[in-house]
Structures are given as structure tokens and as C-alpha cells.
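Chemist: Contents are compact mmCIF, C-alpha atoms and all ligand atoms; file name final00.txt:
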# COMPACT_ATOMS: atom_id res chain seq x y z
CA MET A 1 12.79 18.91 36.64
CA SER A 2 11.45 21.57 34.21
CA THR A 3 11.62 21.19 30.41
CA GLY A 4 14.08 24.13 30.34
CA ASP A 5 16.41 22.43 32.83
CA ILE A 6 16.36 19.15 30.90
CA LEU A 7 17.06 21.00 27.64
CA ARG A 8 20.05 22.79 29.19
CA ARG A 9 21.47 19.54 30.58
CA ARG A 10 20.92 17.84 27.25
CA ASP A 11 22.62 20.62 25.26
CA ASN A 12 25.61 20.66 27.61
CA LEU A 13 25.99 16.90 27.59
CA LEU A 14 24.90 15.73 24.11
CA GLY A 15 25.55 18.84 21.99
CA SER A 16 23.17 21.66 21.20
CA ASN A 17 22.19 20.41 17.74
CA THR A 18 21.18 16.90 18.84
CA PRO A 19 17.87 16.26 17.03
CA LEU A 20 14.59 16.83 18.85
CA PHE A 21 10.97 16.74 17.73
CA TYR A 22 8.51 19.65 17.91
CA ASP A 23 8.90 23.38 18.56
CA GLU A 24 8.14 22.61 22.24
CA PRO A 25 9.87 19.24 22.85
CA LEU A 26 7.99 16.46 24.56
CA HIS A 27 9.15 14.80 27.78
CA ILE A 28 7.75 11.29 27.42
CA VAL A 29 7.96 8.98 30.44
CA ARG A 30 5.73 6.00 29.64
CA GLY A 31 4.25 4.08 26.73
CA GLU A 32 1.47 1.53 26.39
CA GLY A 33 -0.01 0.17 23.16
CA VAL A 34 -0.60 3.09 20.78
CA HIS A 35 -0.28 5.68 23.55
CA LEU A 36 2.54 7.71 25.04
CA TYR A 37 2.37 9.67 28.30
CA ASP A 38 4.32 12.79 29.18
CA ALA A 39 5.75 13.81 32.56
CA ASP A 40 2.48 15.57 33.44
CA GLY A 41 0.51 12.38 32.77
CA ARG A 42 -0.97 13.67 29.49
CA GLN A 43 -1.88 10.95 26.98
CA TYR A 44 -0.86 11.17 23.29
CA LEU A 45 -2.01 8.99 20.42
CA ASP A 46 1.21 7.80 18.77
CA VAL A 47 0.81 8.01 15.00
CA TYR A 48 4.51 8.33 14.32
CA ASN A 49 6.55 5.54 15.88
CA ASN A 50 7.19 2.48 13.74
CA VAL A 51 9.75 0.91 16.07
CA PRO A 52 7.30 -0.18 18.81
CA ASN A 53 5.47 -1.92 15.99
CA VAL A 54 3.30 -4.25 18.08
CA GLY A 55 2.64 -1.53 20.66
CA HIS A 56 4.69 0.28 23.26
CA CYS A 57 5.86 -2.10 25.99
CA ASN A 58 3.93 -5.01 24.48
CA PRO A 59 3.55 -7.41 27.46
CA ARG A 60 4.35 -10.54 25.45
CA VAL A 61 7.58 -8.99 24.15
CA VAL A 62 8.56 -7.66 27.58
CA GLN A 63 8.02 -11.12 29.09
CA ALA A 64 10.08 -12.82 26.38
CA LEU A 65 12.86 -10.33 27.04
CA SER A 66 12.91 -10.74 30.81
CA ARG A 67 12.57 -14.55 30.61
CA GLN A 68 15.67 -14.86 28.44
CA ALA A 69 17.58 -12.08 30.26
CA GLU A 70 17.16 -14.06 33.49
CA THR A 71 18.59 -17.18 31.88
CA LEU A 72 21.43 -16.28 29.51
CA ASN A 73 22.63 -13.46 27.33
CA ILE A 74 25.80 -14.07 25.36
CA HIS A 75 27.32 -13.55 21.92
CA THR A 76 26.81 -15.98 19.06
CA ARG A 77 30.02 -18.05 19.12
CA TYR A 78 28.34 -20.75 21.20
CA LEU A 79 25.55 -23.04 20.10
CA HIS A 80 22.11 -21.75 21.04
CA GLU A 81 18.73 -22.76 19.68
CA ALA A 82 17.04 -19.36 20.09
CA ILE A 83 18.96 -17.93 17.12
CA LEU A 84 18.04 -20.94 14.98
CA ASP A 85 14.39 -20.99 16.02
CA TYR A 86 14.00 -17.32 15.24
CA GLY A 87 16.09 -17.45 12.05
CA GLU A 88 13.96 -20.32 10.71
CA ALA A 89 10.69 -18.60 11.61
CA LEU A 90 11.89 -15.35 10.03
CA THR A 91 13.21 -16.83 6.78
CA ALA A 92 10.00 -18.90 6.44
CA THR A 93 8.23 -15.61 5.71
CA PHE A 94 10.42 -15.03 2.62
CA ALA A 95 10.14 -16.67 -0.78
CA ASP A 96 13.01 -18.89 -1.91
CA PRO A 97 15.92 -18.49 -2.32
CA LEU A 98 15.95 -15.91 0.52
CA SER A 99 16.64 -18.48 3.22
CA MET A 100 19.66 -17.28 5.19
CA VAL A 101 20.00 -14.63 7.84
CA MET A 102 22.82 -12.57 9.36
CA PHE A 103 22.22 -10.61 12.55
CA THR A 104 23.33 -7.10 13.48
CA CYS A 105 22.15 -4.58 16.07
CA THR A 106 21.08 -1.65 13.88
CA GLY A 107 19.64 -0.99 10.46
CA SER A 108 22.80 0.95 9.59
CA GLU A 109 24.94 -2.10 10.27
CA ALA A 110 22.58 -4.28 8.25
CA ASN A 111 22.91 -1.95 5.24
CA ASP A 112 26.66 -1.68 5.75
CA LEU A 113 26.88 -5.47 5.71
CA ALA A 114 24.70 -5.67 2.59
CA LEU A 115 27.07 -3.26 0.83
CA ARG A 116 30.04 -5.37 1.89
CA ILE A 117 28.39 -8.54 0.56
CA ALA A 118 27.56 -6.86 -2.75
CA ARG A 119 31.03 -5.40 -3.18
CA HIS A 120 32.68 -8.67 -2.15
CA THR A 121 30.65 -11.00 -4.35
CA ARG A 122 30.30 -8.80 -7.46
CA PRO A 123 33.18 -7.67 -9.63
CA GLY A 124 32.13 -3.99 -9.43
CA LYS A 125 32.07 -1.60 -6.47
CA GLY A 126 29.43 0.95 -7.57
CA ILE A 127 26.16 1.34 -5.68
CA ILE A 128 23.08 3.16 -6.98
CA CYS A 129 20.76 4.85 -4.48
CA SER A 130 17.97 7.42 -4.67
CA ASN A 131 18.57 11.14 -4.50
CA GLU A 132 16.44 11.76 -1.40
CA THR A 133 17.22 8.94 0.96
CA TYR A 134 18.76 7.78 4.21
CA HIS A 135 20.02 4.28 4.96
CA GLY A 136 21.93 4.83 8.20
CA ASN A 137 25.00 6.24 9.86
CA THR A 138 28.12 4.12 9.27
CA THR A 139 30.79 5.66 7.05
CA ALA A 140 29.93 3.45 4.06
CA VAL A 141 26.18 3.92 4.42
CA ASP A 142 26.54 7.65 5.03
CA GLU A 143 27.81 7.93 1.44
CA LEU A 144 24.20 7.17 0.43
CA ALA A 145 22.57 9.72 2.77
CA THR A 146 21.44 12.01 -0.04
CA LEU A 147 18.61 13.38 2.16
CA PHE A 148 21.19 15.32 4.14
CA ASN A 149 23.48 16.10 1.21
CA GLY A 150 21.30 18.07 -1.17
CA GLY A 151 20.53 15.01 -3.31
CA GLN A 152 24.21 14.14 -3.81
CA ALA A 153 25.77 10.78 -3.00
CA ILE A 154 29.24 11.12 -1.47
CA GLY A 155 32.32 9.39 -2.87
CA PRO A 156 33.19 7.88 -6.25
CA ASN A 157 31.52 4.51 -5.65
CA VAL A 158 27.96 5.78 -5.16
CA LYS A 159 25.58 7.45 -7.61
CA ALA A 160 22.15 8.86 -6.85
CA VAL A 161 19.26 8.66 -9.31
CA PRO A 162 15.98 10.59 -9.07
CA TYR A 163 13.45 8.73 -6.92
CA PRO A 164 10.33 7.68 -8.81
CA ASP A 165 7.34 9.91 -8.12
CA ALA A 166 4.08 10.05 -10.05
CA TYR A 167 2.89 13.19 -8.19
CA ARG A 168 5.94 15.29 -9.09
CA PRO A 169 6.99 13.43 -12.24
CA LEU A 170 10.34 13.81 -13.98
CA ASP A 171 10.02 16.23 -16.91
CA GLY A 172 6.21 16.28 -16.42
CA LEU A 173 5.92 12.85 -18.08
CA GLN A 174 3.25 10.23 -17.40
CA GLY A 175 2.61 6.49 -17.69
CA GLU A 176 5.12 4.31 -19.51
CA GLU A 177 7.12 7.34 -20.67
CA LEU A 178 7.64 8.36 -17.06
CA THR A 179 8.76 4.86 -16.06
CA GLN A 180 11.23 4.78 -18.94
CA ALA A 181 12.57 8.25 -18.09
CA TYR A 182 13.37 7.16 -14.52
CA LEU A 183 14.88 3.88 -15.77
CA LEU A 184 17.07 5.79 -18.21
CA ARG A 185 18.72 7.48 -15.22
CA ILE A 186 19.66 4.04 -13.91
CA ASP A 187 21.05 3.08 -17.31
CA GLN A 188 23.12 6.26 -17.25
CA ALA A 189 24.45 5.62 -13.73
CA ILE A 190 25.49 2.08 -14.71
CA ALA A 191 27.15 3.34 -17.90
CA GLU A 192 29.07 5.97 -15.91
CA PHE A 193 30.28 3.39 -13.37
CA GLU A 194 31.48 1.21 -16.23
CA ALA A 195 33.18 4.09 -18.04
CA GLU A 196 34.95 5.04 -14.79
CA GLY A 197 36.22 1.48 -14.32
CA ILE A 198 34.24 1.14 -11.07
CA GLY A 199 31.62 -1.31 -12.32
CA LEU A 200 28.34 -2.11 -10.61
CA ALA A 201 27.88 -3.91 -7.26
CA GLY A 202 24.19 -3.18 -6.88
CA MET A 203 21.32 -0.86 -6.12
CA LEU A 204 20.14 -0.15 -2.57
CA VAL A 205 16.66 1.33 -2.21
CA CYS A 206 13.66 1.08 0.06
CA PRO A 207 10.89 -0.72 -1.86
CA ILE A 208 8.29 1.83 -0.71
CA PHE A 209 10.73 4.80 -0.79
CA ALA A 210 9.84 5.61 2.81
CA ASN A 211 12.35 8.39 3.38
CA GLU A 212 11.47 9.91 0.01
CA GLY A 213 7.89 10.43 1.28
CA VAL A 214 6.23 7.18 0.09
CA PRO A 215 5.67 8.40 -3.50
CA ASN A 216 3.40 6.55 -5.89
CA VAL A 217 5.98 4.60 -7.85
CA PRO A 218 5.33 4.52 -11.61
CA GLN A 219 4.22 1.08 -12.80
CA GLY A 220 7.10 -1.21 -13.72
CA TYR A 221 9.85 0.99 -12.29
CA LEU A 222 11.20 -1.37 -9.63
CA GLN A 223 11.07 -4.46 -11.86
CA GLY A 224 12.80 -2.48 -14.60
CA ALA A 225 15.44 -1.38 -12.11
CA ALA A 226 15.94 -4.98 -10.92
CA ASP A 227 16.34 -6.24 -14.50
CA ARG A 228 18.88 -3.55 -15.39
CA VAL A 229 20.95 -4.00 -12.24
CA ARG A 230 21.06 -7.79 -12.61
CA ALA A 231 21.82 -7.60 -16.34
CA HIS A 232 25.01 -5.72 -15.36
CA GLY A 233 25.99 -8.20 -12.64
CA GLY A 234 24.68 -6.16 -9.69
CA LEU A 235 22.50 -7.13 -6.73
CA LEU A 236 19.15 -5.65 -5.85
CA ILE A 237 19.23 -4.76 -2.15
CA PHE A 238 15.98 -3.68 -0.55
CA ASP A 239 16.27 -1.73 2.67
CA GLU A 240 13.20 -2.92 4.58
CA VAL A 241 14.19 -1.25 7.82
CA GLN A 242 11.04 0.83 7.46
CA SER A 243 8.87 -1.13 5.03
CA GLY A 244 9.18 -4.55 6.68
CA PHE A 245 7.27 -6.47 9.37
CA ALA A 246 3.72 -5.81 8.07
CA ARG A 247 4.10 -2.02 7.70
CA SER A 248 3.08 -2.12 4.04
CA GLY A 249 -0.07 -4.20 4.55
CA THR A 250 2.00 -7.16 3.36
CA MET A 251 4.63 -8.86 5.48
CA TRP A 252 7.41 -7.32 3.39
CA GLY A 253 7.59 -4.15 1.37
CA HIS A 254 8.95 -6.09 -1.60
CA GLU A 255 5.72 -8.13 -1.66
CA PHE A 256 3.81 -4.86 -1.88
CA ALA A 257 6.16 -3.78 -4.69
CA GLY A 258 5.92 -7.19 -6.39
CA VAL A 259 9.68 -7.46 -6.92
CA GLN A 260 12.04 -10.10 -5.50
CA PRO A 261 15.37 -8.73 -4.18
CA ASP A 262 18.72 -10.48 -3.61
CA ILE A 263 19.22 -9.04 -0.12
CA VAL A 264 16.67 -7.61 2.32
CA THR A 265 17.87 -5.54 5.26
CA LEU A 266 15.84 -5.34 8.47
CA GLY A 267 15.82 -3.27 11.64
CA LYS A 268 13.66 -0.83 13.58
CA PRO A 269 10.41 -2.80 14.25
CA MET A 270 12.18 -6.16 14.36
CA GLY A 271 12.64 -6.01 18.16
CA ASN A 272 9.85 -3.55 19.01
CA GLY A 273 12.47 -1.19 20.45
CA HIS A 274 15.11 -3.73 21.43
CA PRO A 275 18.18 -3.19 19.17
CA VAL A 276 18.12 -6.16 16.84
CA ALA A 277 18.54 -5.98 13.07
CA GLY A 278 19.96 -8.04 10.22
CA LEU A 279 19.66 -9.15 6.66
CA VAL A 280 18.10 -12.02 4.79
CA SER A 281 19.69 -13.28 1.60
CA THR A 282 20.46 -16.34 -0.48
CA PRO A 283 22.75 -19.26 0.50
CA GLU A 284 24.93 -18.45 -2.49
CA LEU A 285 25.61 -14.89 -1.32
CA VAL A 286 25.86 -15.51 2.42
CA ASP A 287 28.08 -18.57 2.04
CA SER A 288 30.46 -16.98 -0.45
CA PHE A 289 30.83 -13.92 1.81
CA ARG A 290 31.28 -15.99 4.97
CA GLU A 291 33.86 -18.24 3.32
CA ASP A 292 36.20 -15.28 2.81
CA ILE A 293 35.26 -12.86 5.58
CA MET A 294 35.09 -13.50 9.32
CA TYR A 295 32.04 -11.39 10.10
CA PHE A 296 31.25 -11.19 13.81
CA ASN A 297 28.90 -8.85 15.63
CA THR A 298 29.18 -9.05 19.44
CA PHE A 299 25.56 -8.27 20.25
CA GLY A 300 23.97 -9.19 16.92
CA GLY A 301 21.73 -12.24 17.30
CA ASN A 302 22.27 -12.79 21.02
CA PRO A 303 19.68 -15.03 22.71
CA VAL A 304 17.77 -12.14 24.30
CA SER A 305 17.53 -10.30 20.97
CA CYS A 306 16.37 -13.46 19.22
CA GLU A 307 13.71 -14.26 21.84
CA VAL A 308 12.45 -10.68 21.64
CA ALA A 309 12.39 -10.62 17.85
CA HIS A 310 10.75 -14.05 17.73
CA GLU A 311 7.98 -12.86 20.03
CA VAL A 312 7.43 -9.77 17.84
CA LEU A 313 7.04 -12.05 14.84
CA ARG A 314 4.64 -14.34 16.72
CA VAL A 315 2.50 -11.36 17.77
CA ILE A 316 2.30 -10.18 14.15
CA GLN A 317 1.25 -13.65 13.06
CA ASP A 318 -1.05 -14.56 16.00
CA GLU A 319 -2.91 -11.26 15.91
CA GLY A 320 -3.34 -11.17 12.12
CA LEU A 321 -1.63 -7.80 11.96
CA VAL A 322 -0.78 -7.95 8.25
CA ALA A 323 -4.51 -8.00 7.42
CA GLN A 324 -5.25 -5.39 10.08
CA VAL A 325 -2.67 -3.01 8.63
CA ALA A 326 -4.14 -3.44 5.14
CA ASP A 327 -7.64 -2.76 6.46
CA VAL A 328 -6.91 0.17 8.78
CA GLY A 329 -4.48 1.68 6.25
CA GLN A 330 -7.16 1.71 3.56
CA TYR A 331 -9.73 3.12 6.02
CA LEU A 332 -7.29 5.88 6.97
CA ARG A 333 -6.46 6.80 3.38
CA ASP A 334 -10.19 6.91 2.54
CA GLY A 335 -10.74 9.28 5.48
CA LEU A 336 -7.80 11.44 4.42
CA ARG A 337 -9.09 11.59 0.84
CA ALA A 338 -12.44 12.78 2.21
CA LEU A 339 -10.53 15.56 4.00
CA GLN A 340 -8.68 16.29 0.74
CA GLU A 341 -12.02 17.09 -0.88
CA ARG A 342 -12.64 19.76 1.76
CA TYR A 343 -9.14 21.20 2.21
CA GLU A 344 -7.23 22.63 -0.79
CA LEU A 345 -4.05 22.35 1.29
CA ILE A 346 -4.01 18.57 0.82
CA GLY A 347 -2.42 17.94 -2.57
CA ASP A 348 -1.91 14.18 -2.37
CA VAL A 349 -2.70 11.22 -0.10
CA ARG A 350 -0.67 8.06 -0.64
CA GLY A 351 1.40 5.23 0.77
CA PRO A 352 1.08 1.52 1.44
CA GLY A 353 -0.52 -0.02 4.54
CA LEU A 354 0.10 2.08 7.61
CA PHE A 355 2.77 4.27 6.09
CA VAL A 356 0.75 7.18 4.82
CA GLY A 357 2.02 10.42 3.29
CA VAL A 358 -0.19 13.51 3.07
CA GLU A 359 1.45 16.10 0.88
CA LEU A 360 0.51 19.69 1.74
CA VAL A 361 0.73 22.25 -1.08
CA ASN A 362 0.06 25.97 -1.29
CA ASP A 363 -1.95 25.47 -4.45
CA ARG A 364 -2.78 22.32 -6.26
CA ALA A 365 -1.79 23.54 -9.74
CA SER A 366 1.78 24.63 -8.93
CA LYS A 367 2.18 22.05 -6.11
CA THR A 368 4.39 24.50 -4.18
CA PRO A 369 5.32 22.70 -0.95
CA ALA A 370 3.38 24.13 2.02
CA THR A 371 6.39 23.79 4.31
CA ALA A 372 5.34 26.31 6.95
CA ALA A 373 1.79 24.93 7.08
CA ALA A 374 3.11 21.38 7.53
CA ARG A 375 5.19 22.53 10.48
CA ARG A 376 2.20 24.28 12.05
CA VAL A 377 -0.04 21.24 11.50
CA VAL A 378 2.46 18.84 13.10
CA ASN A 379 2.89 21.08 16.15
CA GLU A 380 -0.83 21.82 16.44
CA MET A 381 -1.66 18.09 16.26
CA LYS A 382 0.73 17.50 19.13
CA GLU A 383 -0.97 20.23 21.17
CA LYS A 384 -4.22 18.33 20.59
CA GLY A 385 -2.70 15.02 21.72
CA VAL A 386 -1.82 13.34 18.39
CA LEU A 387 1.80 12.73 17.38
CA ILE A 388 2.72 12.80 13.69
CA SER A 389 5.76 14.11 11.82
CA LYS A 390 6.74 15.44 8.38
CA ILE A 391 9.15 14.45 5.65
CA GLY A 392 10.10 15.01 2.00
CA PRO A 393 12.38 17.33 0.03
CA GLY A 394 10.02 20.24 0.80
CA ASP A 395 9.43 19.08 4.39
CA ASN A 396 5.73 19.30 3.54
CA ILE A 397 4.56 15.67 3.62
CA LEU A 398 2.76 14.67 6.80
CA LYS A 399 4.28 11.38 7.92
CA ILE A 400 1.67 9.05 9.40
CA ARG A 401 3.20 5.80 10.56
CA PRO A 402 1.73 4.46 13.81
CA PRO A 403 2.43 1.17 15.59
CA ILE A 404 0.71 -1.49 13.45
CA ILE A 405 -1.80 -2.36 16.17
CA PHE A 406 -3.50 0.95 15.24
CA SER A 407 -7.27 0.46 14.98
CA ARG A 408 -10.06 2.09 12.99
CA SER A 409 -11.12 4.02 16.10
CA ASN A 410 -7.54 5.30 16.51
CA ALA A 411 -7.74 6.35 12.86
CA ASP A 412 -10.98 8.23 13.61
CA GLN A 413 -9.25 10.16 16.39
CA LEU A 414 -6.44 11.09 14.02
CA LEU A 415 -8.86 12.15 11.27
CA ASN A 416 -11.05 14.24 13.60
CA THR A 417 -8.04 15.99 15.09
CA LEU A 418 -6.55 16.69 11.65
CA ASP A 419 -9.91 18.07 10.54
CA GLU A 420 -9.93 20.50 13.50
CA VAL A 421 -6.34 21.58 12.83
CA LEU A 422 -6.84 22.07 9.08
CA ALA A 423 -9.99 24.13 9.73
CA ASN A 424 -7.73 26.70 11.42
CA GLU A 425 -5.13 26.81 8.64
C1 LIG A 501 15.29 3.19 5.59
C2 LIG A 501 16.27 3.22 6.73
N1 LIG A 501 17.30 2.38 6.72
C3 LIG A 501 18.20 2.35 7.72
C4 LIG A 501 18.09 3.19 8.80
C5 LIG A 501 19.12 3.15 9.89
O1 LIG A 501 18.68 2.38 10.95
P1 LIG A 501 19.38 2.52 12.39
O2 LIG A 501 19.07 3.90 12.89
O3 LIG A 501 18.79 1.41 13.20
O4 LIG A 501 20.84 2.32 12.20
C6 LIG A 501 17.02 4.08 8.86
C7 LIG A 501 16.88 4.98 10.03
O5 LIG A 501 16.10 5.89 10.07
C8 LIG A 501 16.08 4.10 7.79
O6 LIG A 501 15.06 4.95 7.79
Starting from the coordinates I provided, produce the structure as C-alpha cells.
Modeler:
Amino acid sequence: MSTGDILRRRDNLLGSNTPLFYDEPLHIVRGEGVHLYDADGRQYLDVYNNVPNVGHCNPRVVQALSRQAETLNIHTRYLHEAILDYGEALTATFADPLSMVMFTCTGSEANDLALRIARHTRPGKGIICSNETYHGNTTAVDELATLFNGGQAIGPNVKAVPYPDAYRPLDGLQGEELTQAYLLRIDQAIAEFEAEGIGLAGMLVCPIFANEGVPNVPQGYLQGAADRVRAHGGLLIFDEVQSGFARSGTMWGHEFAGVQPDIVTLGKPMGNGHPVAGLVSTPELVDSFREDIMYFNTFGGNPVSCEVAHEVLRVIQDEGLVAQVADVGQYLRDGLRALQERYELIGDVRGPGLFVGVELVNDRASKTPATAAARRVVNEMKEKGVLISKIGPGDNILKIRPPIIFSRSNADQLLNTLDEVLANE
């Protein structure tokens, strides 16, 4: 079937504005490791997909899935050791007191649940988020989707504060003054919640600000935020749906950030493509929520999901992928900074581990977002067999976020292709 025919069927069936990548959409039919293959058998280097974290169709994960699917798949109101084995292995990777887990199927549900726990266990209802973010698609979480709402949080119980960014700093400030300026916005949000009688339940942010374009976060910002939120009785919730499972060159994004949260939400890479997600929190919070609320999630934490997620975790640990991400990520950023010296278009190279942002600007002094160039680069890279994407308020930050098995030689292919594409810009 031709691409045109598939597009027509898709529009008629799913709606004409259903999101699609690239000016000429790709018809992908197979994946293996860091590669994807289209319907014509063409190979692409996948430098975008963070869900198949340990590689597309990882054989160990596929085997774990089929083994358990052949035996039993059922909800979690019976006793089953798979959920306990995985839960213990997962929580062992967190510092105390983050020792309890609740399972869901999607990152959105995990964040929704985290909001419920915060609003149930704290006296206040207000949630602080960043002004350029996305945490999922349930009604409660959608109130925080400032990325699609012009920087505005929806509803009285949510307030957005400017995300911290040392490249495009608030009021042109630097250093400690910049940190304090961003923290002042949190103080103001808390004061407004209190004045409105809403009070504070917590702050929900990604510890690497992934959807904001992985900015360089001013020193001390996240710890300052944590201190302020807790001083007013709120919880610090880190959405690690993107930053977790070795992505940041540490097992967890909050280790990279050096700040301990009260709740961590998980998703995307957790099951390498199988829909399993959840949150990790403290006994105090999970128990006090569970005592009052009967939370049940039909598919969340079923034995197949737990076997799959457990195998993903084992692969990360057995193959030393945390160290590999740190190494290849640094190698990649070094290579991108070498390109930055040759191409004026590259204004900034940043990001932790294998979540790299390359900000394209029309000139380095004014930092005007090179939105059209970013679009051309992403499409041109695809034509040359390398899949990346773009992000950020100006849609001008190249988003480089491959499966974490990405090697130095994969990085070389990416760098050489980007060099060729930028030479034509
Ligand atoms: C940071 C973050 N949190 C949560 C979600 C929602 O996850 P899901 O699509 O699995 O519901 C996303 C999805 O893109 C995300 O980027």
C-alpha cells in the first residue's frame, strides 16, 4: 500500500490532525537494536526513541514477555511473586526512604496518581509546574501541559513558573542572582496559592527539564525549589518518565540533579515499549494514601508487565548501560561542540547523558531561534538515514535521545551526517 493510501486511511479513521513525524512521514515496519527499517527495507539509525531503551525488540525482553504470556497474565488482586521480585529490584535502585512502588500502565497515569497522593496527603491542593512542559494526557495532568497552552497552566489549582535556563536567563541575570530570580517565582506561586486559600500540595517537574529542551539548570535551583516546597508542606514530585532508567548517565535523573524527591514517576523506557509505568515513593505516603483510597489499575503491574520491566532493568545492570550512557553521551557532546566551532548556527550544546539538546540560532548574539533551519535539518537527517527530532519554545532545539545501547560508532554516524547536513544550511 502506498504512503498516500495509508495517510488517507489514517486521516479518515484516526482524524486528520493525529500527530505524525516528518514532512514526508515514515512507514516503519521493523526494529532491531538502534535501527529501524521502513517498508522499502531502508535502514535508519534511531537517535530519537527513548522508549525502546535497551534496543528495539531486545531479544532478552521479548523472551521474558513471551515466557510469562504463555504462563499467566492477570490483574494484581491475586498473589504473584513477579510483582514483588520486580518491585524489590526496582526500589533497590533508589535511596531510602523511596522504598515503595505503585504500578500503572502509562506515564500520564503515574503523574495523575502522584498528584492524587500529594493532594490527599497534604493540606493544600496547589501544584507548581514549569511554563514549558508536558506530563501526560489525563484531565488532571493536562492542567499542567503548559507546552501546548502558551506557557499557561489550566485551572485554579496549578501555577506555572519559568523553567530554569542558563542559556536564555531570566532578566539576563547570571550565577547566584539568576538562581534566586527563578526561586523567587516559586516563592510568589506559593504565596499566591496561600492567599487564594488553595495552599500547596507540591511541585511536579522533570529533574532534567526534558520537555523544556534540557536547559542547563542554574546551580542550586532544584535544591532551593525542594526546600521551599517542603517548608510550605508540599511534596517534591520528579517526573522521571523521560529522565529515568539510565538516560541521564546516572540511573535516575534526580541523581544527576543531586536532589532527593518525595515521589518519582516512571514510564516510557520502563518496559522497552511494553506499557508499564508507575511511581516510587515513601512508605509514609503510599500507606497513608492506600489506607483511605482503594486504588486499583487493571493492567498496572500484571505479571507480564513485571517480567518485561524486570528484564529491562537486568539488561541495564548486566550490560553496564549507566556507565555506557555517561561515556557515549560525553563523546557525543564533545563531537557536537567541535561542530559548534565550525557552524555559527549551533548556539548551544547541552543535556545529561544521552539526552542531548542542540539549540540552533540565527545569530549567536541575539539567539533568535532558527526554527525553519531546525525543521530542515531534522528532515534532511531523515533523508540521510538518521532519525532525530526537535523541541523547545522556539522549536529550534535538536532533540537527540537514542536508545541507551547507542555506541561511540553510532555517535560518529550521527556526527558525520549532521556535519554534511549543516554544510548545506
Ligand atoms: C515527561 C513526561 N511525562 C509523562 C509523559 C506521559 O507519558 P505517557 O504518554 O506514557 O502517558 C510524557 C510523554 O511524553 C513525558 O514526556
Chemist: Using all atoms listed in the file, which protein or nucleic acid residues are at most 9 Å from ligand LIG 501 (chain A), as number ranges by chain?
Modeler: A: 105-111, 133-138, 141, 205-206, 209-211, 239-243, 265-268, 275-277
Chemist: Could you work out how far atom CA of Leu204 of chain A lies from atom CA of Leu183 of chain A, giving the answer in Å with one decimal?
Modeler: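 Separation between atom CA of Leu183 of chain A and atom CA of Leu204 of chain A: 14.8 Å.
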Chemist: Taking all atoms listed in the file into account, name the residue in A:Leu184, A:Ala64, A:Pro123, A:Ala326 that is nearest to His232 of chain A.
Modeler: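 Among the listed residues, the smallest separation from His232 of chain A belongs to A:Pro123.
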Chemist: Could you jot down the atom CA of Val322 of chain A to atom CA of Val264 of chain A separation for me, Å, one decimal place?
Modeler: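 Separation of atom CA of Val322 of chain A and atom CA of Val264 of chain A: 18.4 Å.
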Chemist: Could you give me, as a Markdown table, every segment 130-229 of chain A residue with an atom at most 10 Å from segment 327-348 of chain A, plus its closest atom pair and distance in Å to one decimal, counting only C-alpha atoms, rows ordered by chain then number?
Modeler:
| residue | atom | partner | partner_atom | distance |
| --- | --- | --- | --- | --- |
| A:Tyr167 | CA | A:Asp348 | CA | 7.6 |
| A:Pro215 | CA | A:Asp348 | CA | 9.6 |
| A:Asn216 | CA | A:Asp348 | CA | 9.9 |
Chemist: To one decimal in Å, tell me the separation between atom CA of Ser305 of chain A and atom CA of Gln63 of chain A.
Modeler: 12.5 Å
Chemist: Nearest residue to Val101 of chain A out of A:Asp292, A:Glu70, A:Asp287, A:Asp363, using all atoms listed in the file?
Modeler: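 When distances to Val101 of chain A are compared using all atoms listed in the file, the smallest one comes from A:Asp287.
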Chemist: Which one is closest to Leu72 of chain A: A:Phe238, A:Gln152, A:Glu307, A:Pro207? Count all atoms listed in the file.
Modeler: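 Nearest candidate to Leu72 of chain A out of A:Phe238, A:Gln152, A:Glu307, A:Pro207: A:Glu307.
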Chemist: Could you check which of A:Gly258, A:Pro162, A:Gly213, A:Gly278 is closest to Val358 of chain A, using all atoms listed in the file?
Modeler: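 Using all atoms listed in the file, Val358 of chain A sits closest to A:Gly213.
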Chemist: Between A:Gly126, A:Gly249, A:Gly15, A:Pro283, which one has atoms that come closest to Ala189 of chain A, using only C-alpha atoms?
Modeler: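 Answer, going by the shortest atom-to-atom distance: A:Gly126.
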Chemist: For Ile293 of chain A, work out the shell of residues within 10 Å, counting all atoms listed in the file and skipping chain neighbours fewer than 3 positions away, then give it as a PyMOL selection string.
Modeler: chain A and resi 116-117+120+287-290+296
Chemist: Taking (9.6, -14.4, 17.9) in the file's own coordinates, collect the residues within 10 Å, counting all atoms listed in the file, and hand them back as a VMD selection string.
Modeler: chain A and resid 60 to 61 64 82 85 to 87 89 to 90 270 to 271 305 to 317
Chemist: Of the candidates A:Ile128, A:Val356, A:Thr179, A:Gly33, which one gets nearest to Leu45 of chain A if we count all atoms listed in the file?
Modeler: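 Smallest separation from Leu45 of chain A among the options: A:Gly33.
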Chemist: Counting all atoms listed in the file, find residues at most 12 Å from (21.5, 3.1, -8.2) (file frame) and give them as a PyMOL selection string.
Modeler: chain A and resi 125-131+133+144+153+157-163+182-193+199-206+222+225-226+228-230+232+234-238
Chemist: Quick one: everything within 7 Å of Leu398 of chain A, counting all atoms listed in the file, minus sequence neighbours fewer than 3 positions away in the same chain. Send it as a VMD selection string.
Modeler: chain A and resid 357 to 359 374 389 to 391
Chemist: With C-alpha atoms retained, write the just-selected residues as a PDB file, keeping the file's coordinate frame.
Modeler:
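Result went into out-v4.pdb, see below:
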ATOM      1  CA  GLY A 357       2.020  10.420   3.290  1.00  0.00           C
ATOM      2  CA  VAL A 358      -0.190  13.510   3.070  1.00  0.00           C
ATOM      3  CA  GLU A 359       1.450  16.100   0.880  1.00  0.00           C
ATOM      4  CA  ALA A 374       3.110  21.380   7.530  1.00  0.00           C
ATOM      5  CA  SER A 389       5.760  14.110  11.820  1.00  0.00           C
ATOM      6  CA  LYS A 390       6.740  15.440   8.380  1.00  0.00           C
ATOM      7  CA  ILE A 391       9.150  14.450   5.650  1.00  0.00           C
TER       8      ILE A 391
END
Chemist: Got a sec to write segment 258-266 of chain A of the block to a file, N, CA and C atoms, as a CSV table (one decimal), in the first residue's frame?
Modeler:
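Listed below is the output, decode20.csv:
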chain,number,residue,atom,x,y,z
A,258,GLY,N,21.1,15.7,41.8
A,258,GLY,CA,21.6,15.8,43.1
A,258,GLY,C,20.6,16.2,44.2
A,259,VAL,N,19.3,15.9,43.9
A,259,VAL,CA,18.2,16.3,44.8
A,259,VAL,C,17.3,15.1,45.0
A,260,GLN,N,16.9,14.9,46.2
A,260,GLN,CA,16.1,13.7,46.6
A,260,GLN,C,14.6,14.1,46.6
A,261,PRO,N,13.8,13.5,45.8
A,261,PRO,CA,12.4,13.8,45.7
A,261,PRO,C,11.5,13.0,46.7
A,262,ASP,N,10.3,13.3,46.8
A,262,ASP,CA,9.3,12.5,47.7
A,262,ASP,C,8.6,11.5,46.9
A,263,ILE,N,8.4,11.8,45.6
A,263,ILE,CA,7.8,10.8,44.7
A,263,ILE,C,8.5,10.9,43.3
A,264,VAL,N,8.8,9.7,42.8
A,264,VAL,CA,9.3,9.7,41.4
A,264,VAL,C,8.4,8.9,40.5
A,265,THR,N,8.0,9.5,39.4
A,265,THR,CA,7.1,8.8,38.5
A,265,THR,C,7.9,8.3,37.3
A,266,LEU,N,7.5,7.1,36.8
A,266,LEU,CA,8.2,6.3,35.8
A,266,LEU,C,7.3,5.9,34.7
